>>> print(open('my_file_31.csv').read())   # CSV, C-alpha atoms
chain,number,residue,atom,x,y,z
M,10,MET,CA,-8.6,-2.2,21.2
M,11,ILE,CA,-5.4,-0.6,19.7
M,12,LEU,CA,-3.9,2.4,21.5
M,13,VAL,CA,-2.4,5.1,19.2
M,14,THR,CA,-0.3,7.6,21.0
M,15,GLY,CA,0.1,10.9,19.3
M,16,GLY,CA,-2.9,10.1,17.1
M,17,ALA,CA,-3.9,13.8,16.8
M,18,GLY,CA,-0.8,14.5,14.8
M,19,TYR,CA,0.1,14.0,11.1
M,20,ILE,CA,1.3,10.4,10.9
M,21,GLY,CA,-0.6,9.1,14.0
M,22,SER,CA,-3.9,10.3,12.7
M,23,HIS,CA,-3.4,8.6,9.4
M,24,CYS,CA,-2.7,5.4,11.3
M,25,ALA,CA,-5.8,5.7,13.4
M,26,LEU,CA,-7.9,6.4,10.3
M,27,LYS,CA,-6.5,3.2,8.6
M,28,LEU,CA,-7.2,1.1,11.7
M,29,LEU,CA,-10.8,2.4,11.8
M,30,GLU,CA,-11.3,1.6,8.1
M,31,GLU,CA,-10.3,-1.9,9.0
M,32,ASN,CA,-13.0,-1.9,11.6
M,33,LYS,CA,-10.6,-2.0,14.6
M,34,LYS,CA,-11.4,-0.4,17.9
M,35,VAL,CA,-9.0,2.5,18.4
M,36,ILE,CA,-8.2,4.8,21.3
M,37,VAL,CA,-6.1,7.9,20.6
M,38,PHE,CA,-4.0,9.4,23.4
M,39,ASP,CA,-2.7,12.9,22.8
M,40,ASN,CA,-2.0,16.1,24.7
M,41,PHE,CA,-2.4,18.5,21.6
M,42,SER,CA,1.2,19.8,22.0
M,43,THR,CA,1.5,19.3,18.2
M,44,GLY,CA,-1.8,17.6,17.4
M,45,HIS,CA,-5.1,19.2,16.5
M,46,ILE,CA,-8.6,18.9,17.9
M,47,GLU,CA,-10.0,19.2,14.3
M,48,THR,CA,-8.2,16.0,13.5
M,49,ILE,CA,-9.8,14.2,16.4
M,50,GLU,CA,-13.2,15.5,15.4
M,51,THR,CA,-12.7,14.0,12.0
M,52,LEU,CA,-11.6,10.6,13.4
M,53,MET,CA,-14.7,10.6,15.7
M,54,LYS,CA,-16.9,11.2,12.7
M,55,GLU,CA,-15.2,8.4,10.7
M,56,GLY,CA,-14.9,5.9,13.5
M,57,LYS,CA,-18.2,6.4,15.3
M,58,ASP,CA,-18.5,3.7,18.0
M,59,ASN,CA,-15.1,2.2,17.3
M,60,PHE,CA,-13.2,5.4,18.2
M,61,GLU,CA,-12.4,6.9,21.5
M,62,PHE,CA,-10.1,9.9,22.5
M,63,PHE,CA,-8.3,10.3,25.7
M,64,GLU,CA,-6.5,13.6,26.3
M,65,GLY,CA,-3.4,13.1,28.4
M,66,ASN,CA,0.4,13.3,28.7
M,67,LEU,CA,2.9,10.4,28.7
M,68,LEU,CA,4.7,12.2,31.6
M,69,ASN,CA,1.7,12.0,33.8
M,70,LEU,CA,1.4,8.5,35.3
M,71,ASN,CA,-2.1,9.2,36.5
M,72,ASP,CA,-3.2,9.9,32.9
M,73,LEU,CA,-1.7,6.6,31.9
M,74,ASP,CA,-3.3,4.6,34.7
M,75,ALA,CA,-6.7,6.1,33.8
M,76,LEU,CA,-6.0,5.2,30.1
M,77,PHE,CA,-5.1,1.5,30.7
M,78,LYS,CA,-7.2,0.7,33.8
M,79,ASP,CA,-10.6,0.0,32.4
M,80,ARG,CA,-9.9,-0.8,28.8
M,81,ASN,CA,-8.9,-3.9,27.0
M,82,ILE,CA,-5.8,-2.5,25.1
M,83,GLU,CA,-4.2,-5.3,23.1
M,84,ALA,CA,-1.4,-3.4,21.4
M,85,VAL,CA,0.2,0.0,21.1
M,86,ILE,CA,1.4,2.1,18.1
M,87,HIS,CA,3.6,4.8,19.5
M,88,PHE,CA,3.9,8.1,17.6
M,89,ALA,CA,3.9,10.6,20.5
M,90,ALA,CA,7.3,12.4,20.2
M,91,TYR,CA,8.8,15.7,19.4
M,92,SER,CA,10.6,15.6,16.0
M,93,LEU,CA,12.2,18.9,15.0
M,94,VAL,CA,16.0,18.4,14.7
M,95,GLU,CA,16.9,22.1,15.0
M,96,GLU,CA,14.7,22.5,18.1
M,97,SER,CA,16.3,19.4,19.7
M,98,MET,CA,19.7,21.0,19.3
M,99,LYS,CA,18.5,24.1,21.2
M,100,ASN,CA,16.4,22.4,23.8
M,101,PRO,CA,17.6,18.8,24.3
M,102,GLU,CA,15.9,18.5,27.7
M,103,LYS,CA,12.5,18.8,26.1
M,104,TYR,CA,13.3,15.9,23.7
M,105,TYR,CA,14.9,13.6,26.3
M,106,ARG,CA,12.1,14.2,28.8
M,107,ASN,CA,9.2,13.7,26.4
M,108,ASN,CA,10.6,11.2,23.9
M,109,VAL,CA,12.6,9.0,26.4
M,110,ILE,CA,10.9,9.3,29.8
M,111,GLY,CA,7.5,9.4,28.2
M,112,SER,CA,8.3,6.2,26.3
M,113,ILE,CA,9.6,4.5,29.5
M,114,ASN,CA,6.3,5.5,31.3
M,115,LEU,CA,4.3,4.0,28.5
M,116,LEU,CA,6.3,0.7,28.5
M,117,ASP,CA,6.0,0.5,32.3
M,118,LYS,CA,2.2,0.8,32.1
M,119,MET,CA,2.1,-1.7,29.3
M,120,ARG,CA,4.0,-4.1,31.6
M,121,GLN,CA,1.7,-3.3,34.5
M,122,TYR,CA,-1.4,-4.0,32.5
M,123,ASN,CA,-0.1,-7.0,30.5
M,124,VAL,CA,0.1,-5.4,27.1
M,125,SER,CA,3.0,-7.0,25.3
M,126,ARG,CA,3.2,-5.6,21.7
M,127,ILE,CA,4.3,-2.2,20.5
M,128,VAL,CA,5.1,-0.7,17.1
M,129,PHE,CA,7.4,2.3,17.5
M,130,SER,CA,7.8,5.3,15.2
M,131,SER,CA,11.6,5.6,15.0
M,132,THR,CA,13.7,7.5,12.4
M,133,ALA,CA,16.5,7.3,9.9
M,134,ALA,CA,18.1,10.0,12.1
M,135,THR,CA,19.3,7.2,14.3
M,136,TYR,CA,21.9,6.4,11.6
M,137,GLY,CA,23.6,9.8,11.6
M,138,GLU,CA,25.9,10.6,8.7
M,139,PRO,CA,25.6,7.9,6.0
M,140,LYS,CA,28.5,5.6,5.3
M,141,GLU,CA,26.8,3.7,2.6
M,142,ILE,CA,23.9,4.3,0.2
M,143,PRO,CA,21.3,2.9,0.2
M,144,ILE,CA,21.2,2.7,4.0
M,145,LYS,CA,20.7,-0.8,5.4
M,146,GLU,CA,19.4,-1.6,8.9
M,147,THR,CA,22.9,-2.9,9.7
M,148,HIS,CA,24.3,0.6,9.2
M,149,PRO,CA,26.0,1.9,12.4
M,150,GLN,CA,23.7,4.0,14.5
M,151,ASN,CA,25.5,7.3,15.4
M,152,PRO,CA,22.9,10.1,15.7
M,153,ILE,CA,24.2,13.6,15.3
M,154,ASN,CA,21.4,15.4,17.2
M,155,PRO,CA,19.4,15.0,20.4
M,156,TYR,CA,16.3,14.0,18.4
M,157,GLY,CA,18.0,11.1,16.8
M,158,ASN,CA,19.7,10.2,20.1
M,159,SER,CA,16.3,10.2,21.9
M,160,LYS,CA,14.8,7.7,19.3
M,161,LEU,CA,17.9,5.5,19.5
M,162,THR,CA,17.7,5.4,23.3
M,163,VAL,CA,14.1,4.2,23.1
M,164,GLU,CA,15.1,1.5,20.6
M,165,LYS,CA,17.7,0.3,23.1
M,166,ILE,CA,15.3,0.4,26.0
M,167,MET,CA,12.8,-1.7,24.0
M,168,ASP,CA,15.5,-4.3,23.5
M,169,ASP,CA,16.0,-4.5,27.2
M,170,TYR,CA,12.2,-4.6,27.9
M,171,ASP,CA,11.9,-7.5,25.5
M,172,GLU,CA,14.7,-9.4,27.2
M,173,ALA,CA,13.5,-8.7,30.8
M,174,TYR,CA,9.7,-8.4,30.4
M,175,ASN,CA,8.9,-10.0,27.1
M,176,ILE,CA,7.4,-6.9,25.6
M,177,LYS,CA,7.8,-7.4,21.8
M,178,SER,CA,8.5,-4.3,19.6
M,179,VAL,CA,8.9,-3.4,16.0
M,180,ARG,CA,10.8,-0.2,15.4
M,181,LEU,CA,10.1,1.5,12.0
M,182,ARG,CA,12.8,3.9,10.9
M,183,TYR,CA,11.3,6.5,8.6
M,184,PHE,CA,13.0,8.4,5.9
M,185,ASN,CA,11.0,11.5,4.4
M,186,VAL,CA,7.2,11.2,4.8
M,187,ALA,CA,5.0,13.0,2.3
M,188,GLY,CA,1.3,13.1,1.1
M,189,CYS,CA,-2.1,13.0,2.8
M,190,ASP,CA,-5.2,10.9,3.0
M,191,ASP,CA,-6.3,10.8,-0.6
M,192,LYS,CA,-9.9,11.6,0.4
M,193,THR,CA,-8.6,14.8,2.1
M,194,ARG,CA,-10.3,13.9,5.4
M,195,ILE,CA,-7.0,14.5,7.3
M,196,GLY,CA,-3.7,16.0,6.3
M,197,GLU,CA,-0.4,17.6,7.3
M,198,ILE,CA,-0.7,20.5,9.8
M,199,HIS,CA,2.5,21.7,11.5
M,200,ASN,CA,3.2,24.9,13.2
M,201,PRO,CA,5.8,25.8,12.2
M,202,GLU,CA,5.8,23.8,9.0
M,203,THR,CA,9.3,22.5,8.4
M,204,HIS,CA,8.7,20.0,5.6
M,205,LEU,CA,9.7,20.9,2.1
M,206,ILE,CA,6.7,19.7,0.1
M,207,PRO,CA,3.9,21.3,2.1
M,208,ASN,CA,5.9,24.6,2.4
M,209,ILE,CA,6.2,24.7,-1.4
M,210,LEU,CA,2.6,24.0,-1.9
M,211,LYS,CA,1.5,26.5,0.7
M,212,SER,CA,3.5,29.2,-1.2
M,213,THR,CA,1.3,28.8,-4.3
M,214,PHE,CA,-1.6,30.5,-2.4
M,215,ASN,CA,0.2,33.7,-1.7
M,216,ASN,CA,2.7,34.0,-4.6
M,217,LYS,CA,5.2,35.9,-2.5
M,218,LYS,CA,7.7,33.4,-1.3
M,219,THR,CA,11.0,32.7,-3.1
M,220,PHE,CA,12.4,29.5,-1.8
M,221,LYS,CA,16.1,28.8,-1.1
M,222,ILE,CA,17.7,25.7,-2.3
M,223,PHE,CA,20.7,25.1,-0.1
M,224,GLY,CA,23.5,24.1,-2.4
M,225,ASP,CA,23.5,23.1,-6.1
M,226,ASP,CA,27.0,21.6,-6.3
M,227,TYR,CA,26.5,18.3,-4.5
M,228,ASN,CA,27.7,15.2,-6.2
M,229,THR,CA,24.2,14.3,-7.4
M,230,LYS,CA,22.5,14.2,-10.8
M,231,ASP,CA,21.5,17.9,-10.7
M,232,GLY,CA,23.7,19.2,-7.9
M,233,THR,CA,20.9,19.3,-5.2
M,234,CYS,CA,20.4,17.0,-2.3
M,235,ILE,CA,18.5,13.7,-2.8
M,236,ARG,CA,16.1,12.3,-0.3
M,237,ASP,CA,13.9,9.2,-0.1
M,238,TYR,CA,10.2,10.3,0.0
M,239,ILE,CA,7.6,7.8,1.2
M,240,ASN,CA,3.9,8.2,1.0
M,241,VAL,CA,2.1,8.5,4.3
M,242,GLU,CA,-0.5,5.9,3.4
M,243,ASP,CA,2.2,3.4,2.3
M,244,LEU,CA,4.0,4.2,5.6
M,245,ILE,CA,0.9,3.4,7.6
M,246,ASN,CA,0.4,0.1,5.8
M,247,ALA,CA,3.8,-0.9,7.1
M,248,HIS,CA,2.6,-0.2,10.7
M,249,ILE,CA,-0.5,-2.4,10.2
M,250,LEU,CA,1.7,-5.2,8.8
M,251,ALA,CA,4.1,-4.7,11.8
M,252,LEU,CA,1.2,-5.1,14.2
M,253,ASN,CA,0.0,-8.2,12.4
M,254,TYR,CA,3.6,-9.6,12.5
M,255,LEU,CA,3.8,-9.2,16.3
M,256,SER,CA,0.3,-10.6,16.7
M,257,ALA,CA,1.4,-13.7,14.8
M,258,GLY,CA,4.3,-14.2,17.3
M,259,GLY,CA,7.0,-12.2,15.5
M,260,LYS,CA,10.2,-11.3,17.4
M,261,THR,CA,11.4,-7.8,18.3
M,262,ASP,CA,12.9,-6.3,15.2
M,263,PHE,CA,13.5,-3.0,13.3
M,264,PHE,CA,12.9,-2.0,9.7
M,265,ASN,CA,13.6,0.9,7.3
M,266,LEU,CA,10.6,2.5,5.7
M,267,GLY,CA,11.5,4.2,2.4
M,268,THR,CA,11.2,3.6,-1.3
M,269,ASN,CA,14.8,2.6,-2.1
M,270,GLU,CA,14.7,5.5,-4.6
M,271,GLY,CA,15.6,9.2,-4.3
M,272,ASN,CA,14.4,12.5,-5.6
M,273,SER,CA,16.4,15.7,-5.7
M,274,VAL,CA,15.2,19.1,-4.4
M,275,LYS,CA,15.0,20.4,-7.9
M,276,GLU,CA,12.8,17.4,-8.9
M,277,ILE,CA,10.5,18.2,-6.0
M,278,PHE,CA,10.1,21.7,-7.3
M,279,ASP,CA,9.4,20.4,-10.8
M,280,LEU,CA,6.8,18.0,-9.6
M,281,CYS,CA,5.1,20.6,-7.4
M,282,THR,CA,5.0,22.9,-10.5
M,283,LYS,CA,3.4,20.1,-12.5
M,284,VAL,CA,0.8,19.3,-9.9
M,285,THR,CA,-0.2,22.9,-9.2
M,286,ASN,CA,0.3,24.2,-12.7
M,287,LYS,CA,2.0,27.3,-11.1
M,288,GLU,CA,5.5,28.6,-11.3
M,289,ILE,CA,7.3,28.4,-8.0
M,290,PRO,CA,10.3,30.7,-7.7
M,291,PHE,CA,13.5,29.6,-6.0
M,292,GLU,CA,17.1,30.8,-5.6
M,293,ILE,CA,20.3,29.0,-4.8
M,294,ALA,CA,21.8,29.6,-1.4
M,295,GLN,CA,24.9,28.3,0.5
M,296,LYS,CA,25.0,24.7,1.6
M,297,ARG,CA,23.9,24.0,5.1
M,298,ALA,CA,26.4,22.3,7.4
M,299,GLY,CA,25.6,18.7,8.0
M,300,ASP,CA,23.3,18.1,5.0
M,301,PRO,CA,24.3,14.8,3.5
M,302,ALA,CA,24.2,14.7,-0.3
M,303,ILE,CA,22.1,11.6,-0.5
M,304,LEU,CA,19.8,9.7,1.9
M,305,ILE,CA,18.1,6.6,0.5
M,306,ALA,CA,16.7,3.6,2.4
M,307,ASP,CA,17.3,0.0,1.6
M,308,ASN,CA,13.8,-1.4,2.2
M,309,LYS,CA,14.4,-5.0,1.3
M,310,LYS,CA,14.1,-6.3,4.9
M,311,ALA,CA,10.6,-4.8,5.4
M,312,LYS,CA,9.5,-6.3,2.0
M,313,GLU,CA,10.8,-9.7,2.9
M,314,ILE,CA,9.7,-10.0,6.5
M,315,LEU,CA,6.6,-7.8,6.8
M,316,GLY,CA,5.5,-8.4,3.2
M,317,TRP,CA,5.4,-4.6,2.7
M,318,ASN,CA,5.5,-2.9,-0.7
M,319,PRO,CA,5.2,0.9,-1.2
M,320,GLU,CA,2.8,1.5,-4.1
M,321,LYS,CA,2.3,5.3,-4.4
M,322,THR,CA,4.6,7.6,-6.4
M,323,LEU,CA,6.0,10.9,-5.3
M,324,TYR,CA,3.6,12.5,-7.8
M,325,ASP,CA,0.7,10.8,-5.9
M,326,SER,CA,2.1,12.1,-2.6
M,327,ILE,CA,2.4,15.7,-3.9
M,328,LYS,CA,-1.0,15.6,-5.5
M,329,SER,CA,-2.8,14.4,-2.3
M,330,ALA,CA,-0.9,17.0,-0.3
M,331,TYR,CA,-2.0,19.7,-2.8
M,332,MET,CA,-5.6,18.6,-2.6
M,333,TRP,CA,-5.4,19.0,1.2
M,334,GLU,CA,-3.9,22.5,0.9
M,335,LEU,CA,-6.7,23.4,-1.6
M,336,LYS,CA,-9.2,22.3,1.0
M,337,GLN,CA,-7.6,24.4,3.7
M,338,ASN,CA,-7.6,27.5,1.5
M,339,LYS,CA,-11.2,27.4,0.3
>>> encode(input="my_file_31.csv", output="structure tokens")
Amino acid sequence: MILVTGGAGYIGSHCALKLLEENKKVIVFDNFSTGHIETIETLMKEGKDNFEFFEGNLLNLNDLDALFKDRNIEAVIHFAAYSLVEESMKNPEKYYRNNVIGSINLLDKMRQYNVSRIVFSSTAATYGEPKEIPIKETHPQNPINPYGNSKLTVEKIMDDYDEAYNIKSVRLRYFNVAGCDDKTRIGEIHNPETHLIPNILKSTFNNKKTFKIFGDDYNTKDGTCIRDYINVEDLINAHILALNYLSAGGKTDFFNLGTNEGNSVKEIFDLCTKVTNKEIPFEIAQKRAGDPAILIADNKKAKEILGWNPEKTLYDSIKSAYMWELKQNK
């Protein structure tokens, strides 16, 4: 049985669905702070006898004991974290308590119940301001916000738990995740929604919003920021490969997950217009402090060691996300 923490959320639910499609037994652990009961209901329907849900909190040791005690959990994929950069600046306590202490509690229960493999959802935010593009895994890790700090702290803890307790981990550092299950069974639901692509697509259903593009004078091909967008299903394939890597005796390691390519904000608008066949108005606003011009992942290490290869295009991601939004607006 594979434990997926945070499996009622966007990325965790796509991971649980993929595992179920591979006929794995899955238990999702979630407290619904950002996840959704409707997502769990869909997973129950898809997984049937192979799926179980446990509502609980990583900060509650009794919940974790009840989770591990009577189940044969072989490995963990850990998504349960708060992830809003701006919120982390205003409320760091929330991020350190949930993301760091919650992860320590999880690792301690893994140790207690002899579970020795974990795949961790980390972030490119651990790198901070980029000193080189594309960003390699050897890039210095100097986060500039509590969210990035919380993820980096857990990465370091995992190194120590490997050294002391032989708990092997793979940390996957995401860049920008996009898209949805291409059968529209599950999708991206955030409240508030902070991601660019779903916000643009949502706006096409009310025709009222004019978007702000923050800066058009960056040193890029069209003056707007460039980011590396990875499809969520490609992202999840990397988690499955990481789990297989650990199962085959792989050592603790860390990998970037991105496409090694970048798209500008204007290109995102153009693709959304192409997918929806609707004009999407925008205006140029002042640059935001701290927005790097370009963030692109070097993904060679994941390709070479995990055998991972992202296959879907950004158009594919936007199309699947739009199909999901259409379903929500029926």
>>> residues_around(input="my_file_31.csv", residues="Ile289 (chain M)", least_positions_apart="5", cutoff="10 Å", atoms="only C-alpha atoms", output="MDAnalysis selection string")
chainID M and resid 209:210 212:213 216:220 278:279 281:282
>>> closest_residue(input="my_file_31.csv", among="M:Asp190, M:Asp307, M:Glu146, M:Glu313", to="Phe263 (chain M)", atoms="all atoms listed in the file")
M:Glu146
>>> atom_distance(input="my_file_31.csv", atom1="CA of Lys192 (chain M)", atom2="CA of Ile20 (chain M)")
15.4 Å
>>> residues_around(input="my_file_31.csv", residues="Arg297 (chain M)", least_positions_apart="3", cutoff="9 Å", atoms="all atoms listed in the file", output="VMD selection string")
chain M and resid 223 to 224 294 300
>>> atom_distance(input="my_file_31.csv", atom1="CA of Ile110 (chain M)", atom2="CA of Ser130 (chain M)")
15.5 Å
>>> atom_distance(input="my_file_31.csv", atom1="CA of Tyr19 (chain M)", atom2="CA of Glu141 (chain M)")
29.9 Å
>>> closest_residue(input="my_file_31.csv", among="M:Val13, M:Ala302, M:Val94, M:Arg80", to="Lys140 (chain M)", atoms="only C-alpha atoms")
M:Ala302
>>> residues_around(input="my_file_31.csv", residues="Gln150 (chain M)", least_positions_apart="3", cutoff="12 Å", atoms="all atoms listed in the file", output="ChimeraX atom specification")
/M:132-140,144-147,153-154,157-158,160-162,164-165,182
>>> closest_residue(input="my_file_31.csv", among="M:Gly15, M:Gly196, M:Pro290, M:Gly316", to="Asn107 (chain M)", atoms="all atoms listed in the file")
M:Gly15
>>> closest_residue(input="my_file_31.csv", among="M:Asn272, M:Asn318, M:Gln121, M:Thr193", to="Asp243 (chain M)", atoms="only C-alpha atoms")
M:Asn318
>>> closest_residue(input="my_file_31.csv", among="M:Tyr174, M:Tyr238, M:Tyr324, M:Phe77", to="Thr268 (chain M)", atoms="all atoms listed in the file")
M:Tyr238
>>> residues_around(input="my_file_31.csv", residues="Asp74 (chain M)", least_positions_apart="2", cutoff="12 Å", atoms="all atoms listed in the file", output="PyMOL selection string")
chain M and resi 63+65-72+76-80+114-115+117-122
>>> residues_around(input="my_file_31.csv", residues="Ile198 (chain M)", least_positions_apart="5", cutoff="12 Å", atoms="all atoms listed in the file", output="list in words")
Ala17, Gly18, Tyr19, Ile20, Ser22, Thr43, Gly44, His45, Ile46, Glu47, Thr48, Gly188, Cys189, Thr203, His204, Pro207, Asn208, Lys211, Ala330, Trp333, Glu334 and Gln337 of chain M
>>> closest_residue(input="my_file_31.csv", among="M:Leu93, M:Met98, M:Ile327, M:Leu181", to="Glu197 (chain M)", atoms="all atoms listed in the file")
M:Ile327
